[in-house]
Structures are given as C-alpha cells and as structure tokens.
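Undergrad: Submitted below is the structure of interest, expressed as structure tokens.
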Amino acid sequence: MRANFIFSEVWIGLRRNLTMTIAVIVTVAIGMALLGVGLMINSQISGMKDHWSDKVEVSVFLCKKNDAFPQCKGSGGVNAQEQAALKTQIESLPQVERVEFEDAAKAYANFRAQNAGNTVMLSAIQVGDMPESFRVKLKDPDTYGAVIDSLKGAAGVSNVVNQKAILENFFGLLESLRWAALVIAIILVFAAALLIGNTVRLSAYNRRRETGIMRLVGASNLYIQLPFVMEGVIAGLLGGVVAALLLIISKVFLFDKVQAYLANTPLTWETVATVITLTMIIGVVICVLASFITLRRYLRV
C-alpha cells in the first residue's frame, strides 16, 4: 500500500508538471551528453598521446643544390662524406636513440602515400624536389630542444623540424574542444539543477494540503519527501538514457569517422559504456541533491 501510494504520488507530480519535467529531461540529456563527449575526447587524446609518445622524431633536412635556405646558399648539396660526418655527429648526442637516413626516393614514396588523393600536388612534385633527411628517434621526446639547438646551423643542414611540436598544436586544439564541451556541460547541469528545484517546489506547493494531512497523521519526513525525490530520479534517469543514445550516435558518426584521419587509437565501446554509466550516475545524483535541497528549503513538514 505504501509503495502504491508513493508511485501514485510520483505519477501525479510528473503529470501536473509535465512541461517542466520535459525541460529537466532535455537539459539533463544535453548536459550529460556534452559531459560524456568531453570525457570521450579526453580518452581519445590520452590514447593518441600514448600512441605517438614513442614515435615522434626530429627530422634533420639536408641542403640540396640551389636551396633557398641562407645556410645552404652556395652549397652544391651534401655529398656522401658530409652525410656520414653529420650522421656521426647526430649519433654522438646523448639524447639520441636511433638515426635513419631517408633519401629523396623514399621521401617521395612517403609523400605519394600521404597525398594519394591530391592529384594536383602529386603532378607538381617530383622526386628531385624532395629533400633528403635524417630521422632521429630520441630516448625522451621532451629533450628535443637540446638536439635542435645542437643541429641548427650545422654544416649541410637546411632545417630541423620537431614532430612533437606539430602534434602538440593538434593536441592543444583537441584540449580546447574538450574544455569547451565540459564548460558548456557544467552550465547546462547547473541549469538542470535549477529546473529540478523549481519543478519540485511547484509540485510541493500544489500538494501542500496532502502534505499537511500526512504530517498530521504521523508520516515521517522521508516518507513525505520520497515522492518528490523520485520525480527527480526519474527525470534524471530519462535524461541519462537520452544522453546515452546521443553518446552512442556521436561514437558511430563522429569519433569513428574522425578515426580515419588519426592514429590507430580507436575509441572502444568499453570506454563509451564507462562514460555512459558515469554520466547517468552523475545525472541522477544531481537530480536527487537538487530535490533534497529544494525540499529542505520549501517543504515545511
């Protein structure tokens, strides 16, 4: 009988405040979805950083004949003896783990593989346009500064490029997207808490006579408050379910599509399931807390 009464009161409250309840569900859904997207982006960034951390290299490009770089002017290119001397110099650096030479033909093959769909660029670039280089693998990618300082201006070197710096710019963009999603999610969660509070307050006001009668017959505070809290829980659960659907859609149509342009670090369904579980718990907890806080202030029992 008590359970039937509580559920009937919950149904009455949801029906009387249907518009506000829908607004709460939508706000919770969008807020939790954005929070989940931020967590999924964070997982993707962490996976990419782990993937690339041991693959980043320093590229030491060699002077070619008639190069426009100031340090290469008047140079007829780098001969085999100069290449060997430069390789020995690079290998002697304590930060260097491995050095590989990439000639123009190999560089051109890599260029064609990376730009297979750009026929205009492929037709404009020839093998002779590609610079030769040393690919330097570092023991610690964070020590690239000392290596670059040692090799810039060295005889036969036209330019030194650190791949880690390029990746850091890309990761910085992803970090900005993540924080933007999290900030918007926090704002929407706050808005959802306010909506939940207003919904509970309206429901308590509409049923103030029934509440007074229940108090007079000796009903406990928890028994009186439980229907109002259950309304918030149901709204939070429904919002969490909608957010879960949005996260699944974003995984299939956003993260999986973007994965084609990134490293082989796919966002797993296990991670998505963990994020969905976490966001649903957060959504329900926020709804419960908002309901209790509102009842303590506005429900006089």
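In the structure tokens, the first chain shown is A, the next is B, and so on; residue numbers restart at 1 for each chain, and ligands run from 1 in the order shown.
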If you run DSSP on the backbone, which residues of stretch 110-296 of chain A are helix (DSSP H, G or I), as a PyMOL selection string?

TA: chain A and resi 110-114+119-124+127-129+141-151+163-206+208-216+221-261+269-296

Undergrad: Residues near A:Thr274, anyone? I mean within 10 Å using only C-alpha atoms, not counting same-chain ones fewer than 6 positions away, as a list in words.

TA: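 Final neighbour list, sorted by chain and number: Gly36, Leu39 and Met40 of chain A.
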
Undergrad: Can those selected residues be exported to a file as a PDB file, in the first residue's frame so that it contains C-alpha atoms?

TA:
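Writing done, so here's again00.pdb:
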ATOM      1  CA  GLY A  36      30.277  12.469 -21.965  1.00  0.00           C
ATOM      2  CA  LEU A  39      35.262  12.573 -21.368  1.00  0.00           C
ATOM      3  CA  MET A  40      35.397  10.654 -24.659  1.00  0.00           C
TER       4      MET A  40
END

Undergrad: Could you name the residues that touch A:Thr279 at 8 Å or less, counting only C-alpha atoms, but leaving out those on the same chain fewer than 4 positions away, as a PDB file with N, CA and C atoms, in the first residue's frame?

TA:
ATOM      1  N   MET A  32      24.549  16.031 -19.860  1.00  0.00           N
ATOM      2  CA  MET A  32      25.289  14.779 -19.685  1.00  0.00           C
ATOM      3  C   MET A  32      25.929  14.328 -20.996  1.00  0.00           C
ATOM      4  N   ALA A  33      25.257  14.592 -22.126  1.00  0.00           N
ATOM      5  CA  ALA A  33      25.846  14.227 -23.417  1.00  0.00           C
ATOM      6  C   ALA A  33      27.124  15.027 -23.660  1.00  0.00           C
ATOM      7  N   LEU A  35      29.000  16.419 -21.357  1.00  0.00           N
ATOM      8  CA  LEU A  35      29.990  15.926 -20.394  1.00  0.00           C
ATOM      9  C   LEU A  35      30.609  14.627 -20.897  1.00  0.00           C
ATOM     10  N   GLY A  36      29.767  13.732 -21.431  1.00  0.00           N
ATOM     11  CA  GLY A  36      30.277  12.469 -21.965  1.00  0.00           C
ATOM     12  C   GLY A  36      31.188  12.673 -23.155  1.00  0.00           C
ATOM     13  N   GLY A 240      19.432  10.682 -18.633  1.00  0.00           N
ATOM     14  CA  GLY A 240      20.620   9.868 -18.835  1.00  0.00           C
ATOM     15  C   GLY A 240      20.480   8.901 -19.998  1.00  0.00           C
ATOM     16  N   VAL A 275      31.731   5.737 -19.868  1.00  0.00           N
ATOM     17  CA  VAL A 275      31.307   7.139 -19.877  1.00  0.00           C
ATOM     18  C   VAL A 275      29.795   7.243 -19.695  1.00  0.00           C
ATOM     19  N   GLY A 283      24.004  12.368 -13.478  1.00  0.00           N
ATOM     20  CA  GLY A 283      22.700  12.979 -13.721  1.00  0.00           C
ATOM     21  C   GLY A 283      21.704  12.672 -12.625  1.00  0.00           C
TER      22      GLY A 283
END

Undergrad: Please determine, counting only C-alpha atoms, which residue among A:Ala80, A:Val200, A:Val96, A:Val58 has the shortest atom-to-atom distance to A:Asn162.

TA: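 The shortest atom-to-atom distance to A:Asn162 comes from A:Val58.
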
Undergrad: Out of A:Ile187, A:Ser291, A:Glu231, A:Asp103, which residue has the shortest atom-to-atom distance to A:Thr27 when counting only C-alpha atoms?

TA: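 Once distances to A:Thr27 are computed over only C-alpha atoms, the minimum belongs to A:Ile187.
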
Undergrad: Do you know which residues are at most 9 Å from stretch 131-133 of chain A counting only C-alpha atoms, after dropping those on the same chain fewer than 2 positions away, and could you put them as a compact mmCIF listing (two decimals) with N, CA, C and O atoms, in the first residue's frame?

TA:
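File selection21.txt, as written:
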# COMPACT_ATOMS: atom_id res chain seq x y z
N SER A 59 63.30 15.59 -37.47
CA SER A 59 63.71 15.46 -38.86
C SER A 59 64.79 16.49 -39.16
O SER A 59 64.56 17.70 -39.01
N VAL A 60 65.95 16.00 -39.58
CA VAL A 60 67.08 16.88 -39.93
C VAL A 60 67.20 16.88 -41.45
O VAL A 60 67.68 15.91 -42.05
N PHE A 61 66.75 17.96 -42.09
CA PHE A 61 66.76 18.04 -43.55
C PHE A 61 68.10 18.57 -44.05
O PHE A 61 68.66 19.51 -43.47
N LEU A 62 68.59 17.95 -45.13
CA LEU A 62 69.90 18.28 -45.66
C LEU A 62 69.77 19.29 -46.81
O LEU A 62 68.75 19.34 -47.50
N CYS A 63 70.80 20.05 -47.00
CA CYS A 63 70.82 21.03 -48.08
C CYS A 63 70.83 20.34 -49.44
O CYS A 63 71.48 19.30 -49.62
N LYS A 64 70.10 20.92 -50.37
CA LYS A 64 70.11 20.46 -51.75
C LYS A 64 70.81 21.51 -52.60
O LYS A 64 71.05 22.64 -52.17
N GLU A 100 68.10 7.28 -38.72
CA GLU A 100 67.85 6.62 -40.01
C GLU A 100 67.92 7.67 -41.12
O GLU A 100 67.41 8.78 -40.96
N PHE A 101 68.53 7.26 -42.23
CA PHE A 101 68.65 8.17 -43.37
C PHE A 101 67.49 7.93 -44.34
O PHE A 101 67.16 6.79 -44.65
N GLU A 102 66.87 9.01 -44.80
CA GLU A 102 65.78 8.92 -45.76
C GLU A 102 66.20 9.68 -47.03
O GLU A 102 66.33 10.91 -47.00
N ASP A 103 66.40 8.95 -48.13
CA ASP A 103 66.80 9.61 -49.37
C ASP A 103 65.58 10.19 -50.08
O ASP A 103 64.44 10.05 -49.63
N ALA A 104 65.83 10.86 -51.21
CA ALA A 104 64.75 11.55 -51.92
C ALA A 104 63.70 10.58 -52.44
O ALA A 104 62.50 10.88 -52.42
N ALA A 105 64.13 9.41 -52.91
CA ALA A 105 63.18 8.44 -53.45
C ALA A 105 62.23 7.94 -52.36
O ALA A 105 61.01 7.83 -52.58
N LYS A 106 62.77 7.64 -51.19
CA LYS A 106 61.92 7.18 -50.09
C LYS A 106 61.01 8.29 -49.60
O LYS A 106 59.83 8.05 -49.29
N ALA A 107 61.52 9.51 -49.53
CA ALA A 107 60.71 10.65 -49.12
C ALA A 107 59.57 10.88 -50.10
O ALA A 107 58.44 11.17 -49.71
N TYR A 108 59.85 10.69 -51.40
CA TYR A 108 58.82 10.88 -52.42
C TYR A 108 57.75 9.78 -52.32
O TYR A 108 56.56 10.05 -52.49
N VAL A 127 60.48 13.66 -57.78
CA VAL A 127 61.43 13.06 -56.85
C VAL A 127 62.53 14.03 -56.48
O VAL A 127 62.94 14.15 -55.32
N GLY A 128 63.03 14.77 -57.47
CA GLY A 128 64.13 15.69 -57.22
C GLY A 128 63.78 16.85 -56.32
O GLY A 128 64.67 17.54 -55.81
N ASP A 129 62.47 17.09 -56.12
CA ASP A 129 62.05 18.19 -55.24
C ASP A 129 62.07 17.81 -53.77
O ASP A 129 61.96 18.68 -52.90
N ARG A 135 66.15 10.89 -39.91
CA ARG A 135 65.05 10.74 -38.96
C ARG A 135 65.65 10.31 -37.62
O ARG A 135 66.19 9.21 -37.49
N VAL A 157 73.01 21.22 -43.04
CA VAL A 157 71.64 21.13 -42.51
C VAL A 157 70.85 22.36 -42.94
O VAL A 157 71.24 23.49 -42.66

Undergrad: Need to verify the contact set: A:Ile186, 9 Å, only C-alpha atoms, exclusion of same-chain residues closer than 2 positions in sequence. Can you return it as a list in words?

TA: Gly31, Met32, Leu34, Leu35, Ala181, Leu182, Val183, Ile184, Leu188, Val189, Phe190 and Ala191 of chain A

Undergrad: Residues at most 12 Å from A:Met121, counting only C-alpha atoms, excluding those fewer than 4 positions away in the same chain, as JSON, numbers by chain?

TA: {"A": [108, 111, 112, 114, 115, 116, 117, 125, 126]}
